[in-house]
Amino acid sequence: MASELENKLERVKKFVKIEKIIDGDKNSPRAIRAYYRINGAAYRRFHSDRGFMHFRVSKGDKIEEDDIFYQPDTVMRYMPQNARVLELGPGQGANIFYLAGKRLDATFIGVDLKPPRKPKTAPKNITFIRGNYADLNMIESESVDLVFGIETVVHCSDKDKVFAEVARVLKPNGVFILYDYVILNAFDAYKPYEQTVINLISKGGASAIIESDAEWDAHFAKAGLEKISKTYLSKEGIPDLHRLALTASRILNSDKRSKLFFKIFPRKFTNNVIIGYFAEDCVKEGLFYYNEWIYRKKQG
Ligand SMILES: C[S@@+](CC[C@H](N)C(=O)[O-])C[C@H]1O[C@@H](n2cnc3c(N)ncnc32)[C@H](O)[C@@H]1O
């Protein structure tokens, strides 16, 4: 019997040419910027009106209001007094605005291809820089106490370069906290339809092909970072993914709505909805994990 993912893939194929989404690389800085420009308002409307763009981590079966703060609250626990903190890819800036409001002793830098605007009322301890965090030349070596990135490094093809830059700017004993998507096995180990879904989600979201757990571990090791903890949070993401799947299904389970939807909306937006359509089943069928990694730069 076909799995839910297989059924959904067949459905999507009725309306879109999958090859257009998955052929070639789709994660140049320009493509990433365009993806977030086109989807920015949708993130605010359907995900978080405060501008958080990451998944809620729910400890129960239902989403609680505070679940969106799980990642920044974890970051805050690792911040020493007067910390200098760097966020990779702050997106709409919600994590930094939240943290900076709570920790006036700290200073925050966010590096993004398309950094957010800072409202006049924003705390003064924030600097946003337009740039590619694969090259952090604007930040001195060993000057940062904590670096974090939430659902952003998945976009990069050369993760070793990013990790090396993080290791360079961190002070000895400084902490690196990362949240991102992982596939369980090596890409080649998956069935053809599963590979298509992995491709669709990766490239549809302007990312590199999502890497396996072992590949991510190797990036940390290569950068010489020392593990504090690694946590699989996939089950905890399901309530939020379920919410998104319901929204996407309202469109994609109807032939009439799907035809209209793919006709009138830009591809980078329809791709985002396709991701929402698949993501919950990807986790339930064991294709994807959502990981929290906490690492430390070794002393000396
Ligand atoms: C999903 S958003 C994450 C937003 C934020 N971390 C949050 O939790 O709400 C990913 C962000 O990473 C940024 N990004 C992706 N690759 C980047 C790179 N190489 N350099 C700088 N920013 C990058 C994108 O522009 C986008 O704003």
# chains A, B, ... in the order shown; residues from 1 in each chain; ligands from 1
$ residues_around --residues "A:Tyr232" --least-positions-apart "5" --cutoff "10 Å" --atoms "only C-alpha atoms" --output "ChimeraX atom specification"
/A:179,181-182,289-293
$ residues_around --residues "A:Phe261" --least-positions-apart "2" --cutoff "12 Å" --atoms "only C-alpha atoms" --output "list in words"
Val12, Phe15, Val16, Ala248, Arg250, Ile251, Leu252, Asn253, Ser254, Asp255, Lys256, Arg257, Ser258, Lys259, Lys263, Ile264, Phe265, Pro266, Arg267, Phe269, Thr270, Asn271, Val273 and Ile274 of chain A
$ residues_around --residues "A:Leu86" --least-positions-apart "3" --cutoff "7 Å" --atoms "only C-alpha atoms" --output "VMD selection string"
chain A and resid 108 to 110 144 146 to 148
$ write_last_selection --atoms "C-alpha atoms" --output "short mmCIF file (atom, residue, chain, number, x, y, z; two decimals), in the first residue's frame"
data_model
loop_
_atom_site.label_atom_id
_atom_site.label_comp_id
_atom_site.auth_asym_id
_atom_site.auth_seq_id
_atom_site.Cartn_x
_atom_site.Cartn_y
_atom_site.Cartn_z
CA PHE A 108 23.47 41.16 19.79
CA ILE A 109 24.63 40.99 16.19
CA GLY A 110 22.54 39.41 13.44
CA VAL A 144 31.85 36.27 20.56
CA LEU A 146 27.66 32.58 21.83
CA VAL A 147 26.68 31.95 18.21
CA PHE A 148 23.28 30.54 17.31
#
$ residues_near_ligand --ligand "ligand 1" --cutoff "9 Å" --atoms "only C-alpha atoms and all ligand atoms" --output "CSV table (one decimal) with N, CA and C atoms, in the first residue's frame"
chain,number,residue,atom,x,y,z
A,27,ASN,N,19.8,27.3,-4.3
A,27,ASN,CA,20.1,28.0,-3.0
A,27,ASN,C,21.3,29.0,-3.2
A,28,SER,N,21.3,29.7,-4.3
A,28,SER,CA,22.2,30.9,-4.4
A,28,SER,C,21.8,31.9,-3.4
A,29,PRO,N,22.7,32.8,-3.0
A,29,PRO,CA,22.2,33.9,-2.1
A,29,PRO,C,21.0,34.7,-2.7
A,32,ILE,N,17.9,32.6,-2.3
A,32,ILE,CA,17.4,32.6,-0.9
A,32,ILE,C,16.7,33.9,-0.5
A,33,ARG,N,17.3,35.0,-0.9
A,33,ARG,CA,16.7,36.4,-0.7
A,33,ARG,C,15.3,36.4,-1.3
A,34,ALA,N,15.2,36.0,-2.6
A,34,ALA,CA,13.9,36.0,-3.3
A,34,ALA,C,12.9,35.2,-2.5
A,35,TYR,N,13.3,34.0,-2.0
A,35,TYR,CA,12.4,33.1,-1.3
A,35,TYR,C,11.8,33.8,-0.1
A,36,TYR,N,12.7,34.5,0.7
A,36,TYR,CA,12.2,35.1,1.9
A,36,TYR,C,11.5,36.4,1.6
A,37,ARG,N,11.8,37.1,0.5
A,37,ARG,CA,11.1,38.3,0.1
A,37,ARG,C,9.6,37.9,-0.2
A,51,GLY,N,7.0,37.6,14.0
A,51,GLY,CA,8.1,37.5,13.0
A,51,GLY,C,9.0,36.3,13.3
A,52,PHE,N,8.6,35.4,14.2
A,52,PHE,CA,9.4,34.2,14.4
A,52,PHE,C,9.2,33.3,13.1
A,53,MET,N,10.2,32.7,12.6
A,53,MET,CA,10.1,31.9,11.4
A,53,MET,C,10.4,30.5,11.6
A,54,HIS,N,10.7,30.1,12.9
A,54,HIS,CA,11.1,28.7,13.2
A,54,HIS,C,9.9,27.9,13.7
A,55,PHE,N,10.1,26.6,13.8
A,55,PHE,CA,9.0,25.8,14.3
A,55,PHE,C,8.8,25.8,15.8
A,71,GLN,N,13.4,27.8,21.4
A,71,GLN,CA,14.8,28.0,20.9
A,71,GLN,C,15.5,29.2,21.5
A,72,PRO,N,14.8,30.4,21.5
A,72,PRO,CA,15.6,31.5,22.1
A,72,PRO,C,15.7,31.4,23.6
A,87,GLU,N,23.7,36.0,16.0
A,87,GLU,CA,22.7,35.1,15.3
A,87,GLU,C,23.0,35.0,13.9
A,88,LEU,N,23.1,33.8,13.4
A,88,LEU,CA,23.2,33.5,11.9
A,88,LEU,C,21.8,33.5,11.3
A,89,GLY,N,21.6,34.3,10.3
A,89,GLY,CA,20.3,34.3,9.7
A,89,GLY,C,19.1,34.7,10.5
A,90,PRO,N,19.1,35.9,11.1
A,90,PRO,CA,18.0,36.2,12.0
A,90,PRO,C,16.6,36.4,11.3
A,91,GLY,N,16.6,36.4,10.0
A,91,GLY,CA,15.3,36.5,9.3
A,91,GLY,C,14.6,37.9,9.7
A,92,GLN,N,13.5,37.8,10.3
A,92,GLN,CA,12.7,39.0,10.6
A,92,GLN,C,13.1,39.6,12.0
A,93,GLY,N,14.1,38.9,12.6
A,93,GLY,CA,14.8,39.5,13.8
A,93,GLY,C,14.1,39.1,15.1
A,94,ALA,N,13.1,38.3,15.1
A,94,ALA,CA,12.3,38.1,16.3
A,94,ALA,C,13.1,37.5,17.4
A,95,ASN,N,14.0,36.6,17.2
A,95,ASN,CA,14.8,36.0,18.3
A,95,ASN,C,15.6,37.1,19.0
A,110,GLY,N,23.2,40.4,14.3
A,110,GLY,CA,22.5,39.4,13.4
A,110,GLY,C,23.1,39.6,12.0
A,111,VAL,N,23.5,38.5,11.4
A,111,VAL,CA,24.0,38.6,10.0
A,111,VAL,C,23.1,37.9,9.1
A,112,ASP,N,22.5,38.6,8.2
A,112,ASP,CA,21.6,38.0,7.2
A,112,ASP,C,21.7,38.5,5.8
A,113,LEU,N,21.4,37.7,4.8
A,113,LEU,CA,21.5,38.2,3.5
A,113,LEU,C,20.5,39.3,3.3
A,114,LYS,N,19.4,39.3,4.0
A,114,LYS,CA,18.5,40.4,4.0
A,114,LYS,C,18.1,40.7,5.4
A,115,PRO,N,18.8,41.6,6.1
A,115,PRO,CA,18.6,41.8,7.5
A,115,PRO,C,17.3,42.6,7.7
A,116,PRO,N,16.7,42.4,8.9
A,116,PRO,CA,15.4,43.1,9.2
A,116,PRO,C,15.7,44.6,9.5
A,130,ARG,N,24.1,43.3,6.9
A,130,ARG,CA,23.8,42.6,5.7
A,130,ARG,C,25.0,41.8,5.3
A,131,GLY,N,24.9,40.5,5.1
A,131,GLY,CA,26.1,39.8,4.7
A,131,GLY,C,25.8,38.3,4.6
A,132,ASN,N,26.8,37.6,4.2
A,132,ASN,CA,26.8,36.1,4.1
A,132,ASN,C,27.6,35.6,5.2
A,133,TYR,N,27.0,34.8,6.1
A,133,TYR,CA,27.7,34.4,7.3
A,133,TYR,C,28.7,33.3,7.0
A,134,ALA,N,28.8,32.9,5.7
A,134,ALA,CA,30.0,32.0,5.4
A,134,ALA,C,31.3,32.8,5.4
A,135,ASP,N,31.2,34.1,5.4
A,135,ASP,CA,32.3,35.0,5.5
A,135,ASP,C,32.1,36.1,6.6
A,148,PHE,N,24.4,31.5,17.5
A,148,PHE,CA,23.3,30.5,17.3
A,148,PHE,C,22.7,30.7,15.9
A,149,GLY,N,22.1,29.7,15.4
A,149,GLY,CA,21.4,29.7,14.1
A,149,GLY,C,20.2,28.8,14.2
A,150,ILE,N,19.0,29.3,13.8
A,150,ILE,CA,17.8,28.5,13.8
A,150,ILE,C,17.2,28.4,12.4
A,151,GLU,N,17.3,27.2,11.9
A,151,GLU,CA,16.7,26.8,10.6
A,151,GLU,C,17.3,27.7,9.5
A,152,THR,N,18.6,27.9,9.5
A,152,THR,CA,19.2,28.7,8.5
A,152,THR,C,20.4,28.1,7.8
A,153,VAL,N,21.2,27.4,8.5
A,153,VAL,CA,22.4,26.8,7.9
A,153,VAL,C,22.1,25.7,6.8
A,154,VAL,N,20.9,25.2,6.9
A,154,VAL,CA,20.4,24.2,6.0
A,154,VAL,C,20.4,24.8,4.5
A,155,HIS,N,20.4,26.1,4.4
A,155,HIS,CA,20.4,26.7,3.1
A,155,HIS,C,21.8,26.6,2.4
A,156,CYS,N,22.9,26.4,3.2
A,156,CYS,CA,24.2,26.5,2.7
A,156,CYS,C,24.8,25.2,2.2
A,162,VAL,N,31.0,27.7,6.9
A,162,VAL,CA,30.2,28.4,8.0
A,162,VAL,C,30.7,28.0,9.3
A,179,TYR,N,19.8,24.8,15.4
A,179,TYR,CA,18.6,24.0,15.2
A,179,TYR,C,18.4,23.9,13.7
A,206,ALA,N,14.6,26.7,-1.1
A,206,ALA,CA,15.9,27.4,-1.4
A,206,ALA,C,17.1,26.9,-0.5
A,207,SER,N,17.1,25.6,-0.2
A,207,SER,CA,18.2,25.0,0.6
A,207,SER,C,19.0,24.1,-0.3
$ atom_distance --atom1 "atom CA of A:Tyr295" --atom2 "atom CA of A:Ile228"
5.1 Å
$ closest_residue --among "A:Ser157, A:Asn173, A:Asn125, A:Asn137" --to "A:Ile209" --atoms "only C-alpha atoms"
A:Ser157
$ closest_residue --among "A:Phe97, A:Asp160, A:Tyr193, A:Arg117" --to "A:Ile129" --atoms "only C-alpha atoms"
A:Arg117
$ residues_around --residues "A:Leu287" --least-positions-apart "2" --cutoff "8 Å" --atoms "only C-alpha atoms" --output "list in words"
Ile183, Leu184, Glu194, Cys282, Val283, Lys284, Glu285 and Tyr289 of chain A
$ write_last_selection --atoms "C-alpha atoms" --output "PDB file, in the first residue's frame"
ATOM      1  CA  ILE A 183      17.522  13.288   7.188  1.00  0.00           C
ATOM      2  CA  LEU A 184      18.017  10.062   9.048  1.00  0.00           C
ATOM      3  CA  GLU A 194      11.428   9.573  -0.838  1.00  0.00           C
ATOM      4  CA  CYS A 282       8.059  13.316   6.503  1.00  0.00           C
ATOM      5  CA  VAL A 283       8.576  13.343  10.260  1.00  0.00           C
ATOM      6  CA  LYS A 284       5.915  10.700  10.912  1.00  0.00           C
ATOM      7  CA  GLU A 285       7.378   8.388   8.254  1.00  0.00           C
ATOM      8  CA  TYR A 289      14.510  14.935  12.146  1.00  0.00           C
TER       9      TYR A 289
END
$ atom_distance --atom1 "atom CA of A:Gln81" --atom2 "atom CA of A:Pro172"
15.8 Å
$ atom_distance --atom1 "atom CA of A:Ile22" --atom2 "atom CA of A:Ser48"
27.9 Å
$ select_by_dssp --residues "stretch 58-132 of chain A" --states "strand (DSSP E or B)" --output "list in words"
Arg84, Val85, Leu86, Glu87, Leu88, Thr107, Phe108, Ile109, Gly110, Val111, Asp112, Ile126, Thr127, Phe128, Ile129 and Arg130 of chain A
$ write_last_selection --atoms "N, CA and C atoms" --output "compact mmCIF listing (two decimals), in the first residue's frame"
# COMPACT_ATOMS: atom_id res chain seq x y z
N ARG A 84 28.42 38.70 24.33
CA ARG A 84 28.32 39.19 22.95
C ARG A 84 27.79 38.00 22.14
N VAL A 85 26.62 38.20 21.52
CA VAL A 85 25.90 37.08 20.90
C VAL A 85 25.73 37.35 19.41
N LEU A 86 25.96 36.32 18.60
CA LEU A 86 25.78 36.44 17.15
C LEU A 86 24.70 35.47 16.69
N GLU A 87 23.70 35.99 15.97
CA GLU A 87 22.72 35.09 15.35
C GLU A 87 23.00 34.98 13.86
N LEU A 88 23.11 33.75 13.37
CA LEU A 88 23.24 33.51 11.93
C LEU A 88 21.83 33.51 11.34
N THR A 107 25.00 42.14 24.19
CA THR A 107 24.91 42.81 22.89
C THR A 107 24.68 41.75 21.81
N PHE A 108 23.90 42.12 20.80
CA PHE A 108 23.47 41.16 19.79
C PHE A 108 23.83 41.64 18.39
N ILE A 109 24.35 40.70 17.60
CA ILE A 109 24.63 40.99 16.19
C ILE A 109 23.86 39.94 15.39
N GLY A 110 23.20 40.36 14.33
CA GLY A 110 22.54 39.41 13.44
C GLY A 110 23.06 39.61 12.04
N VAL A 111 23.53 38.52 11.41
CA VAL A 111 24.05 38.62 10.03
C VAL A 111 23.09 37.88 9.11
N ASP A 112 22.52 38.61 8.16
CA ASP A 112 21.56 37.98 7.25
C ASP A 112 21.75 38.55 5.85
N ILE A 126 21.36 46.07 19.79
CA ILE A 126 21.22 45.21 18.61
C ILE A 126 21.88 45.83 17.38
N THR A 127 22.64 45.02 16.63
CA THR A 127 23.16 45.46 15.34
C THR A 127 22.82 44.40 14.30
N PHE A 128 22.20 44.80 13.22
CA PHE A 128 21.98 43.87 12.11
C PHE A 128 22.94 44.21 10.98
N ILE A 129 23.54 43.18 10.40
CA ILE A 129 24.51 43.39 9.32
C ILE A 129 24.04 42.61 8.09
N ARG A 130 24.08 43.30 6.94
CA ARG A 130 23.78 42.60 5.69
C ARG A 130 25.03 41.83 5.27
$ residues_around --residues "A:Gln195" --least-positions-apart "5" --cutoff "12 Å" --atoms "only C-alpha atoms" --output "PDB file with N, CA and C atoms, in the first residue's frame"
ATOM      1  N   LEU A   5       2.902   9.857   2.109  1.00  0.00           N
ATOM      2  CA  LEU A   5       3.816  10.724   1.334  1.00  0.00           C
ATOM      3  C   LEU A   5       3.733  10.429  -0.157  1.00  0.00           C
ATOM      4  N   GLU A   6       3.692   9.131  -0.471  1.00  0.00           N
ATOM      5  CA  GLU A   6       3.596   8.750  -1.892  1.00  0.00           C
ATOM      6  C   GLU A   6       2.303   9.288  -2.502  1.00  0.00           C
ATOM      7  N   LEU A   9       2.582  12.973  -3.012  1.00  0.00           N
ATOM      8  CA  LEU A   9       3.467  13.291  -4.139  1.00  0.00           C
ATOM      9  C   LEU A   9       2.704  13.137  -5.465  1.00  0.00           C
ATOM     10  N   ILE A  22      12.986  20.877  -8.673  1.00  0.00           N
ATOM     11  CA  ILE A  22      14.150  20.173  -8.117  1.00  0.00           C
ATOM     12  C   ILE A  22      15.388  20.138  -9.023  1.00  0.00           C
ATOM     13  N   ILE A 183      18.129  14.556   7.601  1.00  0.00           N
ATOM     14  CA  ILE A 183      17.522  13.288   7.188  1.00  0.00           C
ATOM     15  C   ILE A 183      18.231  12.180   7.954  1.00  0.00           C
ATOM     16  N   ASN A 185      19.081   8.972   7.144  1.00  0.00           N
ATOM     17  CA  ASN A 185      20.133   8.190   6.465  1.00  0.00           C
ATOM     18  C   ASN A 185      20.786   9.028   5.368  1.00  0.00           C
ATOM     19  N   ALA A 186      21.792   8.435   4.730  1.00  0.00           N
ATOM     20  CA  ALA A 186      22.383   9.107   3.568  1.00  0.00           C
ATOM     21  C   ALA A 186      21.314   9.184   2.475  1.00  0.00           C
ATOM     22  N   PHE A 187      21.330  10.253   1.696  1.00  0.00           N
ATOM     23  CA  PHE A 187      20.311  10.489   0.659  1.00  0.00           C
ATOM     24  C   PHE A 187      20.120   9.260  -0.241  1.00  0.00           C
ATOM     25  N   ASP A 188      21.249   8.653  -0.649  1.00  0.00           N
ATOM     26  CA  ASP A 188      21.185   7.524  -1.597  1.00  0.00           C
ATOM     27  C   ASP A 188      20.471   6.310  -1.035  1.00  0.00           C
ATOM     28  N   ALA A 189      20.333   6.248   0.274  1.00  0.00           N
ATOM     29  CA  ALA A 189      19.702   5.070   0.885  1.00  0.00           C
ATOM     30  C   ALA A 189      18.165   5.122   0.776  1.00  0.00           C
ATOM     31  N   TYR A 190      17.634   6.252   0.333  1.00  0.00           N
ATOM     32  CA  TYR A 190      16.166   6.381   0.285  1.00  0.00           C
ATOM     33  C   TYR A 190      15.586   5.850  -1.020  1.00  0.00           C
ATOM     34  N   LEU A 200      12.271  17.954  -3.074  1.00  0.00           N
ATOM     35  CA  LEU A 200      11.215  18.983  -3.137  1.00  0.00           C
ATOM     36  C   LEU A 200      11.282  19.911  -1.934  1.00  0.00           C
ATOM     37  N   ILE A 201      11.442  19.310  -0.762  1.00  0.00           N
ATOM     38  CA  ILE A 201      11.455  20.127   0.456  1.00  0.00           C
ATOM     39  C   ILE A 201      12.737  20.967   0.508  1.00  0.00           C
ATOM     40  N   SER A 202      13.853  20.350   0.140  1.00  0.00           N
ATOM     41  CA  SER A 202      15.131  21.075   0.186  1.00  0.00           C
ATOM     42  C   SER A 202      15.120  22.218  -0.826  1.00  0.00           C
ATOM     43  N   LYS A 203      14.949  21.865  -2.075  1.00  0.00           N
ATOM     44  CA  LYS A 203      15.097  22.879  -3.126  1.00  0.00           C
ATOM     45  C   LYS A 203      13.902  23.816  -3.188  1.00  0.00           C
ATOM     46  N   ILE A 209      20.525  20.225  -0.479  1.00  0.00           N
ATOM     47  CA  ILE A 209      19.846  18.978  -0.106  1.00  0.00           C
ATOM     48  C   ILE A 209      20.056  18.780   1.400  1.00  0.00           C
ATOM     49  N   ILE A 210      18.980  18.521   2.108  1.00  0.00           N
ATOM     50  CA  ILE A 210      19.088  18.376   3.560  1.00  0.00           C
ATOM     51  C   ILE A 210      20.039  17.214   3.872  1.00  0.00           C
ATOM     52  N   CYS A 282       6.623  13.629   6.573  1.00  0.00           N
ATOM     53  CA  CYS A 282       8.059  13.316   6.503  1.00  0.00           C
ATOM     54  C   CYS A 282       8.571  12.920   7.886  1.00  0.00           C
ATOM     55  N   LEU A 287      11.508  10.196   7.856  1.00  0.00           N
ATOM     56  CA  LEU A 287      12.472  10.729   6.884  1.00  0.00           C
ATOM     57  C   LEU A 287      13.301  11.855   7.507  1.00  0.00           C
ATOM     58  N   PHE A 288      12.605  12.720   8.245  1.00  0.00           N
ATOM     59  CA  PHE A 288      13.249  13.924   8.767  1.00  0.00           C
ATOM     60  C   PHE A 288      13.335  13.941  10.277  1.00  0.00           C
TER      61      PHE A 288
END
$ closest_residue --among "A:Glu226, A:Glu215, A:Asp281, A:Asp23" --to "A:Ala245" --atoms "only C-alpha atoms"
A:Asp281
$ closest_residue --among "A:Gly237, A:Gly224, A:Gly276, A:Gly24" --to "A:Asp67" --atoms "only C-alpha atoms"
A:Gly237
$ closest_residue --among "A:Ile275, A:Lys124, A:Arg296, A:Tyr78" --to "A:Phe163" --atoms "only C-alpha atoms"
A:Arg296
